[in-house]
file entry16.pdb (PDB, C-alpha atoms)
MODEL        1
ATOM      1  CA  MET P   1      10.456  -6.071  -4.441  1.00  0.00           C
ATOM      2  CA  GLN P   2       8.500  -6.328  -1.248  1.00  0.00           C
ATOM      3  CA  VAL P   3       7.806  -9.727   0.239  1.00  0.00           C
ATOM      4  CA  PRO P   4       4.141 -10.210   1.170  1.00  0.00           C
ATOM      5  CA  ILE P   5       3.570 -11.500   4.700  1.00  0.00           C
ATOM      6  CA  LEU P   6       0.364 -13.453   5.234  1.00  0.00           C
ATOM      7  CA  LYS P   7      -1.168 -14.155   8.627  1.00  0.00           C
ATOM      8  CA  GLN P   8      -2.773 -17.552   9.053  1.00  0.00           C
ATOM      9  CA  GLY P   9      -3.833 -18.200  12.638  1.00  0.00           C
ATOM     10  CA  ASN P  10      -0.744 -18.136  14.831  1.00  0.00           C
ATOM     11  CA  VAL P  11       1.570 -18.445  11.855  1.00  0.00           C
ATOM     12  CA  LEU P  12       3.031 -15.808   9.541  1.00  0.00           C
ATOM     13  CA  ILE P  13       3.905 -16.860   6.024  1.00  0.00           C
ATOM     14  CA  ALA P  14       6.393 -14.793   4.002  1.00  0.00           C
ATOM     15  CA  THR P  15       6.557 -15.858   0.372  1.00  0.00           C
ATOM     16  CA  ILE P  16       9.536 -14.570  -1.560  1.00  0.00           C
ATOM     17  CA  GLN P  17       8.356 -14.033  -5.127  1.00  0.00           C
ATOM     18  CA  ALA P  18      11.452 -12.980  -7.034  1.00  0.00           C
ATOM     19  CA  ALA P  19      15.167 -12.367  -6.654  1.00  0.00           C
ATOM     20  CA  LEU P  20      15.763 -10.111  -3.644  1.00  0.00           C
ATOM     21  CA  THR P  21      18.321  -7.378  -3.217  1.00  0.00           C
ATOM     22  CA  ASP P  22      20.186  -7.023   0.081  1.00  0.00           C
ATOM     23  CA  ALA P  23      17.899  -4.095   0.967  1.00  0.00           C
ATOM     24  CA  ASP P  24      14.811  -6.260   0.289  1.00  0.00           C
ATOM     25  CA  LEU P  25      16.186  -8.961   2.598  1.00  0.00           C
ATOM     26  CA  LEU P  26      16.760  -6.454   5.398  1.00  0.00           C
ATOM     27  CA  GLU P  27      13.248  -5.109   4.877  1.00  0.00           C
ATOM     28  CA  LEU P  28      11.879  -8.643   5.140  1.00  0.00           C
ATOM     29  CA  ARG P  29      13.801  -9.088   8.385  1.00  0.00           C
ATOM     30  CA  SER P  30      12.349  -5.986  10.029  1.00  0.00           C
ATOM     31  CA  GLY P  31       8.865  -6.602   8.611  1.00  0.00           C
ATOM     32  CA  LEU P  32       8.723 -10.142   9.940  1.00  0.00           C
ATOM     33  CA  VAL P  33      10.005  -9.240  13.387  1.00  0.00           C
ATOM     34  CA  GLN P  34       7.493  -6.367  13.669  1.00  0.00           C
ATOM     35  CA  GLN P  35       4.593  -8.566  12.636  1.00  0.00           C
ATOM     36  CA  VAL P  36       5.578 -11.415  14.966  1.00  0.00           C
ATOM     37  CA  VAL P  37       5.383  -8.869  17.785  1.00  0.00           C
ATOM     38  CA  ARG P  38       2.138  -7.313  16.576  1.00  0.00           C
ATOM     39  CA  TYR P  39       0.262 -10.586  16.103  1.00  0.00           C
ATOM     40  CA  ARG P  40       1.970 -12.534  18.904  1.00  0.00           C
ATOM     41  CA  SER P  41       2.701 -15.226  16.318  1.00  0.00           C
ATOM     42  CA  SER P  42       4.081 -18.570  17.420  1.00  0.00           C
ATOM     43  CA  GLY P  43       5.548 -19.570  14.096  1.00  0.00           C
ATOM     44  CA  VAL P  44       6.962 -18.120  10.886  1.00  0.00           C
ATOM     45  CA  ILE P  45       7.412 -19.756   7.516  1.00  0.00           C
ATOM     46  CA  VAL P  46       9.710 -18.205   4.933  1.00  0.00           C
ATOM     47  CA  ASP P  47       9.070 -19.678   1.487  1.00  0.00           C
ATOM     48  CA  VAL P  48      12.208 -19.293  -0.622  1.00  0.00           C
ATOM     49  CA  THR P  49      11.023 -21.340  -3.624  1.00  0.00           C
ATOM     50  CA  ALA P  50      11.408 -18.364  -5.982  1.00  0.00           C
ATOM     51  CA  MET P  51      14.858 -17.314  -4.744  1.00  0.00           C
ATOM     52  CA  ASP P  52      17.397 -17.523  -7.555  1.00  0.00           C
ATOM     53  CA  VAL P  53      20.463 -17.617  -5.345  1.00  0.00           C
ATOM     54  CA  MET P  54      21.134 -18.148  -1.651  1.00  0.00           C
ATOM     55  CA  ASP P  55      24.461 -16.433  -1.151  1.00  0.00           C
ATOM     56  CA  SER P  56      26.274 -15.545   2.073  1.00  0.00           C
ATOM     57  CA  PHE P  57      24.216 -12.389   2.645  1.00  0.00           C
ATOM     58  CA  ALA P  58      20.857 -14.102   2.135  1.00  0.00           C
ATOM     59  CA  SER P  59      21.828 -17.044   4.380  1.00  0.00           C
ATOM     60  CA  ARG P  60      23.080 -14.724   7.087  1.00  0.00           C
ATOM     61  CA  THR P  61      19.903 -12.623   6.956  1.00  0.00           C
ATOM     62  CA  LEU P  62      17.672 -15.707   7.213  1.00  0.00           C
ATOM     63  CA  LEU P  63      19.724 -16.854  10.212  1.00  0.00           C
ATOM     64  CA  GLU P  64      19.272 -13.457  11.833  1.00  0.00           C
ATOM     65  CA  ILE P  65      15.518 -13.540  11.167  1.00  0.00           C
ATOM     66  CA  SER P  66      15.274 -16.949  12.795  1.00  0.00           C
ATOM     67  CA  ARG P  67      17.300 -15.857  15.850  1.00  0.00           C
ATOM     68  CA  MET P  68      15.365 -12.631  16.361  1.00  0.00           C
ATOM     69  CA  ILE P  69      12.066 -14.476  16.117  1.00  0.00           C
ATOM     70  CA  ARG P  70      13.384 -17.159  18.479  1.00  0.00           C
ATOM     71  CA  LEU P  71      13.917 -14.432  21.076  1.00  0.00           C
ATOM     72  CA  ARG P  72      10.202 -13.684  20.816  1.00  0.00           C
ATOM     73  CA  GLY P  73       9.516 -17.338  21.608  1.00  0.00           C
ATOM     74  CA  ALA P  74       8.453 -18.236  18.084  1.00  0.00           C
ATOM     75  CA  ASP P  75       9.842 -20.754  15.593  1.00  0.00           C
ATOM     76  CA  THR P  76      10.938 -20.132  12.010  1.00  0.00           C
ATOM     77  CA  VAL P  77      10.921 -22.720   9.227  1.00  0.00           C
ATOM     78  CA  ILE P  78      12.503 -22.156   5.813  1.00  0.00           C
ATOM     79  CA  VAL P  79      10.685 -23.984   3.032  1.00  0.00           C
ATOM     80  CA  GLY P  80      11.221 -24.513  -0.679  1.00  0.00           C
ATOM     81  CA  ILE P  81      15.015 -24.421  -1.091  1.00  0.00           C
ATOM     82  CA  GLN P  82      15.466 -25.619  -4.686  1.00  0.00           C
ATOM     83  CA  PRO P  83      17.868 -28.533  -5.317  1.00  0.00           C
ATOM     84  CA  GLU P  84      20.283 -26.444  -7.401  1.00  0.00           C
ATOM     85  CA  VAL P  85      20.242 -23.668  -4.798  1.00  0.00           C
ATOM     86  CA  ALA P  86      21.002 -26.232  -2.077  1.00  0.00           C
ATOM     87  CA  PHE P  87      23.877 -27.591  -4.192  1.00  0.00           C
ATOM     88  CA  ALA P  88      25.355 -24.096  -4.632  1.00  0.00           C
ATOM     89  CA  MET P  89      24.955 -23.332  -0.908  1.00  0.00           C
ATOM     90  CA  VAL P  90      26.981 -26.397   0.019  1.00  0.00           C
ATOM     91  CA  GLN P  91      29.723 -25.533  -2.493  1.00  0.00           C
ATOM     92  CA  LEU P  92      29.821 -21.935  -1.287  1.00  0.00           C
ATOM     93  CA  GLY P  93      30.003 -23.144   2.288  1.00  0.00           C
ATOM     94  CA  VAL P  94      26.931 -21.436   3.728  1.00  0.00           C
ATOM     95  CA  THR P  95      24.525 -23.199   6.046  1.00  0.00           C
ATOM     96  CA  LEU P  96      21.309 -22.261   7.763  1.00  0.00           C
ATOM     97  CA  GLU P  97      22.771 -23.850  10.911  1.00  0.00           C
ATOM     98  CA  ASP P  98      19.958 -24.814  13.241  1.00  0.00           C
ATOM     99  CA  ILE P  99      17.006 -23.300  11.355  1.00  0.00           C
ATOM    100  CA  PRO P 100      14.520 -26.045  10.551  1.00  0.00           C
ATOM    101  CA  THR P 101      13.808 -26.524   6.856  1.00  0.00           C
ATOM    102  CA  ALA P 102      10.949 -28.303   5.126  1.00  0.00           C
ATOM    103  CA  LEU P 103      10.169 -29.303   1.565  1.00  0.00           C
ATOM    104  CA  ASP P 104       7.202 -27.009   1.026  1.00  0.00           C
ATOM    105  CA  LEU P 105       4.602 -24.850   2.725  1.00  0.00           C
ATOM    106  CA  GLU P 106       2.434 -27.797   3.730  1.00  0.00           C
ATOM    107  CA  GLU P 107       5.291 -29.609   5.457  1.00  0.00           C
ATOM    108  CA  GLY P 108       6.415 -26.365   7.055  1.00  0.00           C
ATOM    109  CA  LEU P 109       2.973 -25.878   8.578  1.00  0.00           C
ATOM    110  CA  ALA P 110       2.924 -29.491   9.764  1.00  0.00           C
ATOM    111  CA  TYR P 111       6.309 -28.970  11.417  1.00  0.00           C
ATOM    112  CA  LEU P 112       5.094 -25.866  13.244  1.00  0.00           C
ATOM    113  CA  GLN P 113       1.963 -27.645  14.420  1.00  0.00           C
ATOM    114  CA  GLN P 114       4.096 -30.397  15.941  1.00  0.00           C
ATOM    115  CA  THR P 115       6.445 -28.037  17.727  1.00  0.00           C
ATOM    116  CA  SER P 116       3.915 -25.371  18.660  1.00  0.00           C
ATOM    117  CA  ARG P 117       3.514 -24.711  22.321  1.00  0.00           C
ATOM    118  CA  SER P 118       0.393 -22.699  21.689  1.00  0.00           C
ATOM    119  CA  ILE P 119      -3.109 -24.091  21.911  1.00  0.00           C
ATOM    120  CA  ASN P 120      -4.396 -23.927  18.376  1.00  0.00           C
TER     121      ASN P 120
ATOM    122  CA  MET W   1      36.087 -15.524 -30.053  1.00  0.00           C
ATOM    123  CA  ALA W   2      34.174 -14.214 -27.093  1.00  0.00           C
ATOM    124  CA  GLU W   3      30.839 -12.520 -26.612  1.00  0.00           C
ATOM    125  CA  GLU W   4      30.766 -10.484 -23.461  1.00  0.00           C
ATOM    126  CA  VAL W   5      28.492  -8.359 -21.321  1.00  0.00           C
ATOM    127  CA  GLN W   6      29.708  -5.845 -18.803  1.00  0.00           C
ATOM    128  CA  ILE W   7      27.628  -4.734 -15.835  1.00  0.00           C
ATOM    129  CA  LEU W   8      28.466  -1.626 -13.839  1.00  0.00           C
ATOM    130  CA  VAL W   9      28.112  -2.487 -10.159  1.00  0.00           C
ATOM    131  CA  THR W  10      27.450   0.342  -7.704  1.00  0.00           C
ATOM    132  CA  CYS W  11      24.602  -0.874  -5.465  1.00  0.00           C
ATOM    133  CA  ASP W  12      22.743  -3.968  -4.280  1.00  0.00           C
ATOM    134  CA  LYS W  13      20.342  -3.849  -7.249  1.00  0.00           C
ATOM    135  CA  ASP W  14      23.312  -4.197  -9.584  1.00  0.00           C
ATOM    136  CA  VAL W  15      24.368  -7.318  -7.664  1.00  0.00           C
ATOM    137  CA  VAL W  16      21.045  -8.929  -8.645  1.00  0.00           C
ATOM    138  CA  THR W  17      21.350  -7.680 -12.256  1.00  0.00           C
ATOM    139  CA  ALA W  18      24.885  -9.057 -12.549  1.00  0.00           C
ATOM    140  CA  ARG W  19      23.981 -12.513 -11.270  1.00  0.00           C
ATOM    141  CA  GLN W  20      20.841 -12.696 -13.445  1.00  0.00           C
ATOM    142  CA  GLN W  21      22.867 -11.706 -16.484  1.00  0.00           C
ATOM    143  CA  GLY W  22      25.444 -14.328 -15.553  1.00  0.00           C
ATOM    144  CA  ARG W  23      22.810 -17.018 -15.195  1.00  0.00           C
ATOM    145  CA  ALA W  24      21.222 -16.149 -18.552  1.00  0.00           C
ATOM    146  CA  THR W  25      24.605 -16.199 -20.283  1.00  0.00           C
ATOM    147  CA  ALA W  26      25.520 -19.519 -18.631  1.00  0.00           C
ATOM    148  CA  LEU W  27      22.252 -21.109 -19.779  1.00  0.00           C
ATOM    149  CA  ALA W  28      22.724 -19.720 -23.306  1.00  0.00           C
ATOM    150  CA  ALA W  29      26.243 -21.189 -23.337  1.00  0.00           C
ATOM    151  CA  GLY W  30      24.842 -24.639 -22.640  1.00  0.00           C
ATOM    152  CA  PHE W  31      25.356 -24.982 -18.894  1.00  0.00           C
ATOM    153  CA  SER W  32      22.755 -26.875 -16.867  1.00  0.00           C
ATOM    154  CA  ASN W  33      20.416 -25.058 -14.517  1.00  0.00           C
ATOM    155  CA  SER W  34      22.466 -26.356 -11.594  1.00  0.00           C
ATOM    156  CA  GLU W  35      25.758 -25.104 -13.041  1.00  0.00           C
ATOM    157  CA  ALA W  36      24.146 -21.772 -13.941  1.00  0.00           C
ATOM    158  CA  THR W  37      23.113 -21.419 -10.277  1.00  0.00           C
ATOM    159  CA  LEU W  38      26.730 -22.011  -9.194  1.00  0.00           C
ATOM    160  CA  VAL W  39      27.832 -19.259 -11.592  1.00  0.00           C
ATOM    161  CA  ALA W  40      25.070 -16.895 -10.414  1.00  0.00           C
ATOM    162  CA  THR W  41      26.002 -17.512  -6.771  1.00  0.00           C
ATOM    163  CA  ALA W  42      29.681 -16.807  -7.456  1.00  0.00           C
ATOM    164  CA  ILE W  43      28.790 -13.576  -9.272  1.00  0.00           C
ATOM    165  CA  SER W  44      26.551 -12.529  -6.393  1.00  0.00           C
ATOM    166  CA  GLU W  45      29.457 -12.858  -3.947  1.00  0.00           C
ATOM    167  CA  LEU W  46      31.954 -11.098  -6.222  1.00  0.00           C
ATOM    168  CA  ALA W  47      29.589  -8.244  -7.059  1.00  0.00           C
ATOM    169  CA  ARG W  48      28.730  -7.741  -3.388  1.00  0.00           C
ATOM    170  CA  ASN W  49      32.437  -7.526  -2.547  1.00  0.00           C
ATOM    171  CA  ILE W  50      32.685  -4.708  -5.093  1.00  0.00           C
ATOM    172  CA  VAL W  51      29.802  -2.783  -3.492  1.00  0.00           C
ATOM    173  CA  SER W  52      31.008  -3.427   0.075  1.00  0.00           C
ATOM    174  CA  TYR W  53      34.700  -2.703  -0.341  1.00  0.00           C
ATOM    175  CA  ALA W  54      35.115  -0.522  -3.427  1.00  0.00           C
ATOM    176  CA  ASN W  55      31.678   1.150  -3.890  1.00  0.00           C
ATOM    177  CA  ARG W  56      31.869   0.657  -7.631  1.00  0.00           C
ATOM    178  CA  GLY W  57      33.338  -1.635 -10.203  1.00  0.00           C
ATOM    179  CA  THR W  58      32.376  -3.896 -13.072  1.00  0.00           C
ATOM    180  CA  VAL W  59      31.432  -7.509 -13.622  1.00  0.00           C
ATOM    181  CA  THR W  60      32.161  -8.860 -17.087  1.00  0.00           C
ATOM    182  CA  VAL W  61      30.625 -12.112 -18.241  1.00  0.00           C
ATOM    183  CA  ALA W  62      32.255 -13.592 -21.338  1.00  0.00           C
ATOM    184  CA  ARG W  63      31.467 -16.734 -23.281  1.00  0.00           C
ATOM    185  CA  LEU W  64      34.556 -18.618 -24.276  1.00  0.00           C
ATOM    186  CA  ASN W  65      33.981 -20.500 -27.502  1.00  0.00           C
ATOM    187  CA  GLY W  66      37.416 -21.943 -27.732  1.00  0.00           C
ATOM    188  CA  HIS W  67      38.191 -23.118 -31.241  1.00  0.00           C
ATOM    189  CA  LYS W  68      41.091 -25.123 -29.911  1.00  0.00           C
ATOM    190  CA  GLY W  69      40.360 -25.147 -26.204  1.00  0.00           C
ATOM    191  CA  ALA W  70      37.228 -25.946 -24.242  1.00  0.00           C
ATOM    192  CA  ALA W  71      34.124 -23.803 -24.125  1.00  0.00           C
ATOM    193  CA  GLY W  72      33.149 -22.040 -20.948  1.00  0.00           C
ATOM    194  CA  LEU W  73      32.218 -18.876 -19.165  1.00  0.00           C
ATOM    195  CA  LYS W  74      34.652 -16.348 -17.788  1.00  0.00           C
ATOM    196  CA  ILE W  75      33.674 -13.820 -15.135  1.00  0.00           C
ATOM    197  CA  VAL W  76      35.885 -10.842 -14.342  1.00  0.00           C
ATOM    198  CA  ALA W  77      35.019  -8.743 -11.292  1.00  0.00           C
ATOM    199  CA  SER W  78      37.109  -5.629 -11.248  1.00  0.00           C
ATOM    200  CA  ASP W  79      37.278  -2.545  -9.065  1.00  0.00           C
ATOM    201  CA  ALA W  80      39.586   0.351  -8.308  1.00  0.00           C
ATOM    202  CA  GLY W  81      38.956   0.115  -4.571  1.00  0.00           C
ATOM    203  CA  PRO W  82      41.359  -0.142  -1.652  1.00  0.00           C
ATOM    204  CA  GLY W  83      42.681  -3.558  -2.684  1.00  0.00           C
ATOM    205  CA  ILE W  84      43.421  -6.472  -0.401  1.00  0.00           C
ATOM    206  CA  ALA W  85      46.491  -6.187   1.807  1.00  0.00           C
ATOM    207  CA  ASP W  86      46.820  -9.919   2.460  1.00  0.00           C
ATOM    208  CA  VAL W  87      45.363 -11.956  -0.389  1.00  0.00           C
ATOM    209  CA  ALA W  88      46.378 -15.288   1.170  1.00  0.00           C
ATOM    210  CA  GLN W  89      44.425 -14.400   4.305  1.00  0.00           C
ATOM    211  CA  ALA W  90      41.375 -13.314   2.269  1.00  0.00           C
ATOM    212  CA  LEU W  91      41.356 -16.728   0.607  1.00  0.00           C
ATOM    213  CA  ARG W  92      41.174 -18.585   3.895  1.00  0.00           C
ATOM    214  CA  ASP W  93      37.787 -19.806   5.076  1.00  0.00           C
ATOM    215  CA  GLY W  94      36.419 -17.841   7.964  1.00  0.00           C
ATOM    216  CA  TYR W  95      38.222 -14.619   7.201  1.00  0.00           C
ATOM    217  CA  SER W  96      36.309 -11.394   6.617  1.00  0.00           C
ATOM    218  CA  SER W  97      37.186  -7.779   7.158  1.00  0.00           C
ATOM    219  CA  SER W  98      33.615  -6.513   6.783  1.00  0.00           C
ATOM    220  CA  GLY W  99      32.001  -8.487   9.577  1.00  0.00           C
ATOM    221  CA  GLY W 100      30.427 -10.832   7.047  1.00  0.00           C
ATOM    222  CA  LEU W 101      30.512 -14.584   7.062  1.00  0.00           C
ATOM    223  CA  GLY W 102      34.003 -14.559   5.666  1.00  0.00           C
ATOM    224  CA  LEU W 103      33.401 -17.126   2.996  1.00  0.00           C
ATOM    225  CA  GLY W 104      33.139 -14.889  -0.017  1.00  0.00           C
ATOM    226  CA  LEU W 105      36.369 -15.639  -1.853  1.00  0.00           C
ATOM    227  CA  PRO W 106      37.104 -19.221  -0.747  1.00  0.00           C
ATOM    228  CA  GLY W 107      33.454 -20.038  -1.485  1.00  0.00           C
ATOM    229  CA  VAL W 108      33.677 -18.500  -4.953  1.00  0.00           C
ATOM    230  CA  ARG W 109      36.800 -20.553  -5.602  1.00  0.00           C
ATOM    231  CA  ARG W 110      34.863 -23.739  -4.764  1.00  0.00           C
ATOM    232  CA  LEU W 111      31.907 -22.750  -6.972  1.00  0.00           C
ATOM    233  CA  MET W 112      34.047 -22.218 -10.071  1.00  0.00           C
ATOM    234  CA  ASP W 113      36.715 -24.259 -11.891  1.00  0.00           C
ATOM    235  CA  ASP W 114      39.484 -21.675 -12.261  1.00  0.00           C
ATOM    236  CA  PHE W 115      40.137 -18.820  -9.871  1.00  0.00           C
ATOM    237  CA  ASP W 116      42.621 -16.001 -10.118  1.00  0.00           C
ATOM    238  CA  ILE W 117      42.980 -12.852  -8.054  1.00  0.00           C
ATOM    239  CA  ALA W 118      45.142  -9.811  -8.597  1.00  0.00           C
ATOM    240  CA  SER W 119      45.026  -7.112  -5.956  1.00  0.00           C
ATOM    241  CA  VAL W 120      47.174  -4.074  -5.383  1.00  0.00           C
ATOM    242  CA  PRO W 121      46.617  -2.160  -2.132  1.00  0.00           C
ATOM    243  CA  GLY W 122      45.516   1.340  -3.041  1.00  0.00           C
ATOM    244  CA  SER W 123      44.668   0.608  -6.661  1.00  0.00           C
ATOM    245  CA  GLY W 124      42.126  -2.177  -6.793  1.00  0.00           C
ATOM    246  CA  THR W 125      41.221  -5.817  -7.127  1.00  0.00           C
ATOM    247  CA  THR W 126      40.433  -8.029 -10.101  1.00  0.00           C
ATOM    248  CA  VAL W 127      39.050 -11.510  -9.603  1.00  0.00           C
ATOM    249  CA  THR W 128      38.847 -13.741 -12.674  1.00  0.00           C
ATOM    250  CA  VAL W 129      36.932 -17.010 -12.482  1.00  0.00           C
ATOM    251  CA  THR W 130      36.034 -19.548 -15.141  1.00  0.00           C
ATOM    252  CA  LYS W 131      33.558 -22.383 -15.404  1.00  0.00           C
ATOM    253  CA  TRP W 132      34.245 -24.929 -18.136  1.00  0.00           C
ATOM    254  CA  LEU W 133      31.579 -26.773 -20.069  1.00  0.00           C
ATOM    255  CA  LYS W 134      32.002 -30.470 -19.438  1.00  0.00           C
TER     256      LYS W 134
ENDMDL
END

call {"tool": "encode", "arguments": {"input": "entry16.pdb", "output": "structure tokens"}}
result
Amino acid sequence: MQVPILKQGNVLIATIQAALTDADLLELRSGLVQQVVRYRSSGVIVDVTAMDVMDSFASRTLLEISRMIRLRGADTVIVGIQPEVAFAMVQLGVTLEDIPTALDLEEGLAYLQQTSRSIN
Amino acid sequence: MAEEVQILVTCDKDVVTARQQGRATALAAGFSNSEATLVATAISELARNIVSYANRGTVTVARLNGHKGAAGLKIVASDAGPGIADVAQALRDGYSSSGGLGLGLPGVRRLMDDFDIASVPGSGTTVTVTKWLK
């Protein structure tokens, strides 16, 4: 299950569309980092609305994505964490640490516009 | 009386299959979407442990329709892998021998109601967890 990555101006939007295997998550990580480099993106949004479960591997991979992209000078926002997924994450004990989160795509874009250092 | 499904777990795709099967069974047993997500998350962690540490094993999801007792869902994750040398240590938050986040087992314990682990170094590990219908 490949995750489509859409380019919209300076922002890349990755929309997860179904449950992902660990291999899919790692592929998303490398795909996003490559495209941030190729397009000199200033922001990335990962939409996890369709993710069934956010377990320790998924949380760790999202953290890694955010940190790698940070090193390229770009920001990552995670959007669409479902209430029951958030509840399970807290029980499990996983966090996304300092990665910004937003309710949905629209709010994620608004967040990136506020924090963007690029002229757009 | 118990209806059960067993999933052979040998790779990351099976981890997804196991947790989806677990969610479907939890919903069919009358658990809420939120509780079914807790069950699916626990299965995801247990099944990944099987792949990471033992290469192969099974996840069994069983509905407990207790005639006398309460109804619930029992998950058994079993492998014939290397086993855990220090179970007490593996149950502490922050401990991991695979360079992971180290919250697999303690996290699973928090997600479920009952938690039991039996591990023999050299012959395998069986984790049994139960969620009760409230």

call {"tool": "resolve_selection", "arguments": {"input": "entry16.pdb", "expression": "the PyMOL selection byres ((chain P and resi 76) around 12)", "output": "CSV table (one decimal) with C-alpha atoms, in the frame of the given file"}}
result
chain,number,residue,atom,x,y,z
P,11,VAL,CA,1.6,-18.4,11.9
P,12,LEU,CA,3.0,-15.8,9.5
P,13,ILE,CA,3.9,-16.9,6.0
P,14,ALA,CA,6.4,-14.8,4.0
P,29,ARG,CA,13.8,-9.1,8.4
P,32,LEU,CA,8.7,-10.1,9.9
P,33,VAL,CA,10.0,-9.2,13.4
P,36,VAL,CA,5.6,-11.4,15.0
P,41,SER,CA,2.7,-15.2,16.3
P,42,SER,CA,4.1,-18.6,17.4
P,43,GLY,CA,5.5,-19.6,14.1
P,44,VAL,CA,7.0,-18.1,10.9
P,45,ILE,CA,7.4,-19.8,7.5
P,46,VAL,CA,9.7,-18.2,4.9
P,47,ASP,CA,9.1,-19.7,1.5
P,62,LEU,CA,17.7,-15.7,7.2
P,63,LEU,CA,19.7,-16.9,10.2
P,64,GLU,CA,19.3,-13.5,11.8
P,65,ILE,CA,15.5,-13.5,11.2
P,66,SER,CA,15.3,-16.9,12.8
P,67,ARG,CA,17.3,-15.9,15.8
P,68,MET,CA,15.4,-12.6,16.4
P,69,ILE,CA,12.1,-14.5,16.1
P,70,ARG,CA,13.4,-17.2,18.5
P,71,LEU,CA,13.9,-14.4,21.1
P,72,ARG,CA,10.2,-13.7,20.8
P,73,GLY,CA,9.5,-17.3,21.6
P,74,ALA,CA,8.5,-18.2,18.1
P,75,ASP,CA,9.8,-20.8,15.6
P,77,VAL,CA,10.9,-22.7,9.2
P,78,ILE,CA,12.5,-22.2,5.8
P,79,VAL,CA,10.7,-24.0,3.0
P,96,LEU,CA,21.3,-22.3,7.8
P,98,ASP,CA,20.0,-24.8,13.2
P,99,ILE,CA,17.0,-23.3,11.4
P,100,PRO,CA,14.5,-26.0,10.6
P,101,THR,CA,13.8,-26.5,6.9
P,102,ALA,CA,10.9,-28.3,5.1
P,108,GLY,CA,6.4,-26.4,7.1
P,109,LEU,CA,3.0,-25.9,8.6
P,111,TYR,CA,6.3,-29.0,11.4
P,112,LEU,CA,5.1,-25.9,13.2
P,113,GLN,CA,2.0,-27.6,14.4
P,115,THR,CA,6.4,-28.0,17.7
P,116,SER,CA,3.9,-25.4,18.7

call {"tool": "closest_atom_pairs", "arguments": {"input": "entry16.pdb", "of": "chain W", "to": "chain P", "cutoff": "6 Å", "atoms": "all atoms listed in the file", "output": "tab-separated table"}}
result
residue	atom	partner	partner_atom	distance
W:Asp12	CA	P:Thr21	CA	5.7
W:Lys13	CA	P:Thr21	CA	5.7
W:Ser34	CA	P:Glu84	CA	4.7
W:Leu38	CA	P:Ala88	CA	5.2
W:Thr41	CA	P:Val53	CA	5.7
W:Gly107	CA	P:Leu92	CA	4.1
W:Arg110	CA	P:Gln91	CA	5.9
W:Leu111	CA	P:Gln91	CA	5.7

call {"tool": "atom_distance", "arguments": {"input": "entry16.pdb", "atom1": "atom CA of Thr49 of chain P", "atom2": "atom CA of Ala18 of chain P"}}
result
9.0 Å

call {"tool": "closest_residue", "arguments": {"input": "entry16.pdb", "among": "W:Ala90, W:Ile7, W:Val76, W:Ala85", "to": "Leu46 of chain W", "atoms": "all atoms listed in the file"}}
result
W:Val76

call {"tool": "resolve_selection", "arguments": {"input": "entry16.pdb", "expression": "the PyMOL selection byres ((chain W and resi 54) around 8)", "output": "list of chain:residue names"}}
result
W:Asn49, W:Ile50, W:Val51, W:Ser52, W:Tyr53, W:Asn55, W:Arg56, W:Gly57, W:Asp79, W:Ala80, W:Gly81, W:Pro82, W:Gly124

call {"tool": "write_last_selection", "arguments": {"input": "entry16.pdb", "atoms": "C-alpha atoms", "output": "PDB file, in the frame of the given file"}}
result
ATOM      1  CA  ASN W  49      32.437  -7.526  -2.547  1.00  0.00           C
ATOM      2  CA  ILE W  50      32.685  -4.708  -5.093  1.00  0.00           C
ATOM      3  CA  VAL W  51      29.802  -2.783  -3.492  1.00  0.00           C
ATOM      4  CA  SER W  52      31.008  -3.427   0.075  1.00  0.00           C
ATOM      5  CA  TYR W  53      34.700  -2.703  -0.341  1.00  0.00           C
ATOM      6  CA  ASN W  55      31.678   1.150  -3.890  1.00  0.00           C
ATOM      7  CA  ARG W  56      31.869   0.657  -7.631  1.00  0.00           C
ATOM      8  CA  GLY W  57      33.338  -1.635 -10.203  1.00  0.00           C
ATOM      9  CA  ASP W  79      37.278  -2.545  -9.065  1.00  0.00           C
ATOM     10  CA  ALA W  80      39.586   0.351  -8.308  1.00  0.00           C
ATOM     11  CA  GLY W  81      38.956   0.115  -4.571  1.00  0.00           C
ATOM     12  CA  PRO W  82      41.359  -0.142  -1.652  1.00  0.00           C
ATOM     13  CA  GLY W 124      42.126  -2.177  -6.793  1.00  0.00           C
TER      14      GLY W 124
END

call {"tool": "atom_distance", "arguments": {"input": "entry16.pdb", "atom1": "atom CA of Cys11 of chain W", "atom2": "atom CA of Ser44 of chain W"}}
result
11.9 Å

call {"tool": "atom_distance", "arguments": {"input": "entry16.pdb", "atom1": "atom CA of Ile81 of chain P", "atom2": "atom CA of Thr61 of chain P"}}
result
15.1 Å

call {"tool": "axis_aligned_box", "arguments": {"input": "entry16.pdb", "around": "segment 61-70 of chain P", "padding_each_side": "6 Å", "output": "AutoDock Vina command-line options"}}
result
--center_x 16.0 --center_y -14.9 --center_z 12.7 --size_x 19.8 --size_y 16.5 --size_z 23.5

call {"tool": "residues_around", "arguments": {"input": "entry16.pdb", "residues": "Val127 of chain W", "least_positions_apart": "4", "cutoff": "7 Å", "atoms": "all atoms listed in the file", "output": "count of residues only"}}
result
6

call {"tool": "resolve_selection", "arguments": {"input": "entry16.pdb", "expression": "the PyMOL selection byres ((chain W and resi 59) around 12)", "output": "PyMOL selection string"}}
result
chain W and resi 4-10+14-22+40+42-51+56-58+60-62+74-79+125-129
